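As provided, entry.pdb (PDB, C-alpha atoms, pLDDT in the B column) reads as follows.
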```
MODEL        1
ATOM      1  CA  GLN A   1     -54.239 102.431-143.345  1.00 84.00           C
ATOM      2  CA  VAL A   2     -51.234 103.902-145.095  1.00 90.00           C
ATOM      3  CA  GLN A   3     -51.464 105.172-148.659  1.00 95.00           C
ATOM      4  CA  LEU A   4     -48.564 105.911-150.966  1.00 97.00           C
ATOM      5  CA  VAL A   5     -49.028 108.280-153.883  1.00 97.00           C
ATOM      6  CA  GLU A   6     -46.351 108.712-156.516  1.00 98.00           C
ATOM      7  CA  SER A   7     -45.953 111.816-158.667  1.00 98.00           C
ATOM      8  CA  GLY A   8     -43.413 113.438-160.940  1.00 98.00           C
ATOM      9  CA  GLY A   9     -43.466 111.029-163.844  1.00 98.00           C
ATOM     10  CA  GLY A  10     -43.753 112.162-167.427  1.00 98.00           C
ATOM     11  CA  LEU A  11     -42.134 112.278-170.828  1.00 98.00           C
ATOM     12  CA  VAL A  12     -38.489 113.287-171.042  1.00 98.00           C
ATOM     13  CA  GLN A  13     -35.782 113.091-173.669  1.00 98.00           C
ATOM     14  CA  ALA A  14     -32.848 110.771-173.261  1.00 98.00           C
ATOM     15  CA  GLY A  15     -30.202 112.407-171.109  1.00 98.00           C
ATOM     16  CA  GLY A  16     -32.777 114.391-169.196  1.00 98.00           C
ATOM     17  CA  SER A  17     -33.843 114.242-165.554  1.00 98.00           C
ATOM     18  CA  LEU A  18     -36.954 113.644-163.513  1.00 98.00           C
ATOM     19  CA  ARG A  19     -37.648 113.671-159.807  1.00 98.00           C
ATOM     20  CA  LEU A  20     -40.259 111.271-158.525  1.00 98.00           C
ATOM     21  CA  SER A  21     -41.988 111.824-155.205  1.00 98.00           C
ATOM     22  CA  CYS A  22     -43.861 109.358-153.037  1.00 98.00           C
ATOM     23  CA  ALA A  23     -46.094 110.941-150.430  1.00 97.00           C
ATOM     24  CA  ALA A  24     -47.431 108.811-147.608  1.00 96.00           C
ATOM     25  CA  SER A  25     -50.607 109.409-145.654  1.00 94.00           C
ATOM     26  CA  GLY A  26     -52.296 107.588-142.832  1.00 92.00           C
ATOM     27  CA  ARG A  27     -49.096 106.428-141.202  1.00 90.00           C
ATOM     28  CA  THR A  28     -45.589 107.725-140.793  1.00 90.00           C
ATOM     29  CA  ILE A  29     -42.875 106.271-143.012  1.00 89.00           C
ATOM     30  CA  GLY A  30     -40.332 107.174-140.353  1.00 87.00           C
ATOM     31  CA  THR A  31     -39.992 103.564-139.199  1.00 86.00           C
ATOM     32  CA  SER A  32     -40.254 101.877-142.567  1.00 92.00           C
ATOM     33  CA  ARG A  33     -37.768 100.794-145.154  1.00 95.00           C
ATOM     34  CA  MET A  34     -38.612 102.279-148.541  1.00 96.00           C
ATOM     35  CA  GLY A  35     -37.979 101.241-152.087  1.00 98.00           C
ATOM     36  CA  TRP A  36     -38.574 102.290-155.668  1.00 98.00           C
ATOM     37  CA  PHE A  37     -39.442  99.636-158.214  1.00 98.00           C
ATOM     38  CA  ARG A  38     -40.274  99.761-161.888  1.00 98.00           C
ATOM     39  CA  GLN A  39     -42.125  97.629-164.359  1.00 98.00           C
ATOM     40  CA  ALA A  40     -41.759  97.873-168.104  1.00 97.00           C
ATOM     41  CA  PRO A  41     -44.349  96.352-170.484  1.00 94.00           C
ATOM     42  CA  GLY A  42     -44.000  92.597-170.632  1.00 95.00           C
ATOM     43  CA  LYS A  43     -41.417  92.516-167.867  1.00 97.00           C
ATOM     44  CA  GLU A  44     -41.484  91.711-164.187  1.00 97.00           C
ATOM     45  CA  ARG A  45     -41.419  94.408-161.554  1.00 98.00           C
ATOM     46  CA  GLU A  46     -37.838  95.027-160.467  1.00 97.00           C
ATOM     47  CA  LEU A  47     -36.101  96.884-157.689  1.00 98.00           C
ATOM     48  CA  VAL A  48     -34.459 100.156-158.631  1.00 98.00           C
ATOM     49  CA  ALA A  49     -33.320 101.600-155.321  1.00 98.00           C
ATOM     50  CA  ALA A  50     -34.014 101.148-151.635  1.00 98.00           C
ATOM     51  CA  MET A  51     -33.096 102.614-148.285  1.00 97.00           C
ATOM     52  CA  ASN A  52     -33.310 101.890-144.576  1.00 93.00           C
ATOM     53  CA  TRP A  53     -35.586 103.819-142.223  1.00 89.00           C
ATOM     54  CA  SER A  54     -33.230 106.752-141.741  1.00 85.00           C
ATOM     55  CA  GLY A  55     -31.857 106.978-145.262  1.00 86.00           C
ATOM     56  CA  GLY A  56     -28.365 106.313-143.989  1.00 90.00           C
ATOM     57  CA  SER A  57     -28.132 103.024-145.870  1.00 94.00           C
ATOM     58  CA  THR A  58     -29.050 102.778-149.513  1.00 97.00           C
ATOM     59  CA  TYR A  59     -28.982 100.198-152.273  1.00 98.00           C
ATOM     60  CA  TYR A  60     -29.020 100.673-156.039  1.00 98.00           C
ATOM     61  CA  THR A  61     -29.241  98.113-158.761  1.00 97.00           C
ATOM     62  CA  ASP A  62     -26.383  98.160-161.240  1.00 97.00           C
ATOM     63  CA  PHE A  63     -28.344  99.701-164.063  1.00 96.00           C
ATOM     64  CA  VAL A  64     -29.065 102.913-162.113  1.00 97.00           C
ATOM     65  CA  LYS A  65     -25.923 103.332-160.039  1.00 97.00           C
ATOM     66  CA  GLY A  66     -24.438 106.763-160.518  1.00 97.00           C
ATOM     67  CA  ARG A  67     -27.596 108.048-162.221  1.00 98.00           C
ATOM     68  CA  PHE A  68     -30.407 107.692-159.666  1.00 98.00           C
ATOM     69  CA  THR A  69     -30.549 108.856-156.061  1.00 98.00           C
ATOM     70  CA  ILE A  70     -33.085 107.758-153.464  1.00 98.00           C
ATOM     71  CA  SER A  71     -33.751 110.027-150.511  1.00 96.00           C
ATOM     72  CA  ARG A  72     -36.371 110.595-147.871  1.00 94.00           C
ATOM     73  CA  ASP A  73     -37.752 113.405-145.759  1.00 93.00           C
ATOM     74  CA  ASN A  74     -39.421 111.755-142.815  1.00 89.00           C
ATOM     75  CA  ALA A  75     -40.737 115.091-141.574  1.00 92.00           C
ATOM     76  CA  LYS A  76     -42.672 115.445-144.840  1.00 95.00           C
ATOM     77  CA  ASN A  77     -43.494 111.730-144.951  1.00 95.00           C
ATOM     78  CA  THR A  78     -42.106 111.662-148.479  1.00 96.00           C
ATOM     79  CA  VAL A  79     -39.575 109.627-150.409  1.00 97.00           C
ATOM     80  CA  TYR A  80     -37.878 110.808-153.587  1.00 98.00           C
ATOM     81  CA  LEU A  81     -36.122 109.305-156.562  1.00 98.00           C
ATOM     82  CA  GLN A  82     -33.910 111.696-158.492  1.00 98.00           C
ATOM     83  CA  MET A  83     -33.262 110.278-161.945  1.00 98.00           C
ATOM     84  CA  ASN A  84     -30.521 111.769-164.090  1.00 98.00           C
ATOM     85  CA  SER A  85     -29.036 110.792-167.439  1.00 98.00           C
ATOM     86  CA  LEU A  86     -32.204 108.958-168.333  1.00 98.00           C
ATOM     87  CA  LYS A  87     -32.104 106.307-171.036  1.00 97.00           C
ATOM     88  CA  SER A  88     -34.847 104.862-173.187  1.00 97.00           C
ATOM     89  CA  GLU A  89     -34.542 101.603-171.273  1.00 96.00           C
ATOM     90  CA  ASP A  90     -35.598 103.450-168.104  1.00 98.00           C
ATOM     91  CA  THR A  91     -39.105 103.724-169.558  1.00 98.00           C
ATOM     92  CA  ALA A  92     -41.483 102.006-167.149  1.00 98.00           C
ATOM     93  CA  VAL A  93     -44.114 102.525-164.509  1.00 98.00           C
ATOM     94  CA  TYR A  94     -42.336 103.434-161.287  1.00 98.00           C
ATOM     95  CA  TYR A  95     -43.726 102.358-157.928  1.00 98.00           C
ATOM     96  CA  CYS A  96     -42.746 103.249-154.418  1.00 98.00           C
ATOM     97  CA  ALA A  97     -43.195 100.729-151.656  1.00 98.00           C
ATOM     98  CA  ALA A  98     -42.845 100.523-147.898  1.00 96.00           C
ATOM     99  CA  ASP A  99     -41.713  97.669-145.696  1.00 95.00           C
ATOM    100  CA  TYR A 100     -43.143  98.089-142.208  1.00 91.00           C
ATOM    101  CA  ASN A 101     -42.230  94.631-141.033  1.00 88.00           C
ATOM    102  CA  LEU A 102     -39.862  94.175-138.123  1.00 81.00           C
ATOM    103  CA  ARG A 103     -36.721  92.673-139.594  1.00 80.00           C
ATOM    104  CA  GLY A 104     -33.001  93.174-139.594  1.00 81.00           C
ATOM    105  CA  GLY A 105     -31.086  95.889-137.781  1.00 85.00           C
ATOM    106  CA  SER A 106     -31.364  99.661-138.108  1.00 86.00           C
ATOM    107  CA  SER A 107     -29.274  99.675-141.264  1.00 90.00           C
ATOM    108  CA  TYR A 108     -31.246  96.914-142.983  1.00 92.00           C
ATOM    109  CA  VAL A 109     -32.327  97.642-146.534  1.00 93.00           C
ATOM    110  CA  SER A 110     -35.136  95.562-148.027  1.00 94.00           C
ATOM    111  CA  LYS A 111     -34.091  94.252-151.439  1.00 95.00           C
ATOM    112  CA  ILE A 112     -36.701  91.571-152.077  1.00 94.00           C
ATOM    113  CA  ILE A 113     -40.061  92.516-153.548  1.00 96.00           C
ATOM    114  CA  SER A 114     -41.946  90.209-151.178  1.00 95.00           C
ATOM    115  CA  GLU A 115     -40.595  92.138-148.192  1.00 95.00           C
ATOM    116  CA  TYR A 116     -42.693  95.166-149.117  1.00 96.00           C
ATOM    117  CA  ASP A 117     -46.232  95.276-147.794  1.00 94.00           C
ATOM    118  CA  THR A 118     -47.487  98.657-148.985  1.00 96.00           C
ATOM    119  CA  TRP A 119     -47.480  99.904-152.555  1.00 97.00           C
ATOM    120  CA  GLY A 120     -48.389 103.014-154.471  1.00 98.00           C
ATOM    121  CA  GLN A 121     -50.301 103.029-157.734  1.00 97.00           C
ATOM    122  CA  GLY A 122     -47.306 103.973-159.848  1.00 98.00           C
ATOM    123  CA  THR A 123     -46.294 106.822-162.109  1.00 98.00           C
ATOM    124  CA  GLN A 124     -45.360 106.480-165.769  1.00 98.00           C
ATOM    125  CA  VAL A 125     -41.899 107.511-166.901  1.00 98.00           C
ATOM    126  CA  THR A 126     -41.291 107.612-170.640  1.00 98.00           C
ATOM    127  CA  VAL A 127     -37.863 108.410-172.037  1.00 98.00           C
ATOM    128  CA  SER A 128     -37.703 109.225-175.731  1.00 97.00           C
ATOM    129  CA  SER A 129     -34.532 108.529-177.659  1.00 90.00           C
TER     130      SER A 129
ENDMDL
END
```
Would you mind writing the file out in C-alpha cells?
Amino acid sequence: QVQLVESGGGLVQAGGSLRLSCAASGRTIGTSRMGWFRQAPGKERELVAAMNWSGGSTYYTDFVKGRFTISRDNAKNTVYLQMNSLKSEDTAVYYCAADYNLRGGSSYVSKIISEYDTWGQGTQVTVSS
C-alpha cells in the first residue's frame, strides 16, 4: 500500500517562494505519473502540474506557467513543487497524487483527476497580500 505525504506548506507573503515535497512510502513512484493539485475553499480540486514517470515530460496549467516547477527524484521516492512569485490566488490546500495505471506511452502525462489513484492528505499554502 503506497502512502504519499506532503510537506513544505505554510504562510508566505505575495511574491515569495515555497517548495512542496511529496514523499512516497510502501511502493516506488519510479513507474508512476505524478501530479500536484490544489483546492481552494469552495472550489473544485484542480490540476496544477504533472509529469511522466521519468520527469522528462511535464505539464503546467496556464495560471502557474513560468512560476511553478514540478520535479522528481525517483531515488528518494519524492516529488517536488517549487513555487515562485506566489500570489494570493495560489492560496489552497495542495495535494500530490500518483497514477500507477498502465496507460499511454513513456512520455504520457496524466492531466485528468480521475486518472490518479493514490492521493496524499494535502498541505496548506497561504499567500498573504
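As for atom CA of Ile29 of chain A and atom CA of Ser114 of chain A, they are spaced 18.0 Å apart.
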task: Kindly resolve the PyMOL selection byres ((chain A and resi 56) around 10) on the present coordinates and return the residues as JSON, numbers by chain.
output: {"A": [51, 52, 53, 54, 55, 57, 58, 71, 72, 106, 107, 108, 109]}
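Picture a line from atom CA of Tyr100 of chain A to atom CA of Arg38 of chain A; it runs 20.0 Å.
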- prompt: Written as an NGL selection string, what is the full residue list that the PyMOL selection byres ((chain A and resi 127) around 6) yields on the file shown?
  reply: :A and (11-14 or 88 or 91 or 126 or 128)
query: Within 10 Å of Thr61 of chain A, counting all atoms listed in the file, which residues qualify if same-chain residues fewer than 6 places away don't, as a ChimeraX atom specification?
result: /A:46-50,68,111
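Remark: for Arg45 of chain A, the closest of the candidate residues A:Ile112, A:Leu102, A:Glu6, A:Leu86 is A:Ile112 (distances computed over only C-alpha atoms).
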- request: Would you list the contacts of Gly15 of chain A as JSON, numbers by chain, taking every protein, DNA or RNA residue within 8 Å and counting all atoms listed in the file, but skipping same-chain residues closer than 4 positions in sequence?
  value: {"A": [84, 85, 86, 87]}
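Atom pair atom CA of Gly120 of chain A / atom CA of Gly9 of chain A: separated by 13.3 Å.
Closest approach to Phe37 of chain A among A:Ile70, A:Asn101, A:Ala23, A:Thr78 is made by A:Ile70 (distances from all atoms listed in the file).
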- line: Shortest contact to Pro41 of chain A, candidates A:Gln124, A:Ser17, A:Gln1, A:Ser7, atoms counted only C-alpha atoms, goes to A:Gln124
message: With distances taken over all atoms listed in the file, which residue among A:Ala92, A:Ala75, A:Val125, A:Met83 lies nearest Thr31 of chain A?
response: A:Ala75
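Here the residues that fall within 10 Å of (-40.7, 111.8, -152.2), using all atoms listed in the file, are given as Leu4, Val5, Glu6, Ser7, Gly8, Arg19, Leu20, Ser21, Cys22, Ala23, Ala24, Ile70, Ser71, Arg72, Asp73, Asn74, Lys76, Asn77, Thr78, Val79, Tyr80, Leu81, Gln82 and Cys96 of chain A.
Here the PyMOL selection byres ((chain A and resi 25) around 6) matches the residues Val2, Gln3, Ala24, Gly26 and Arg27 of chain A.
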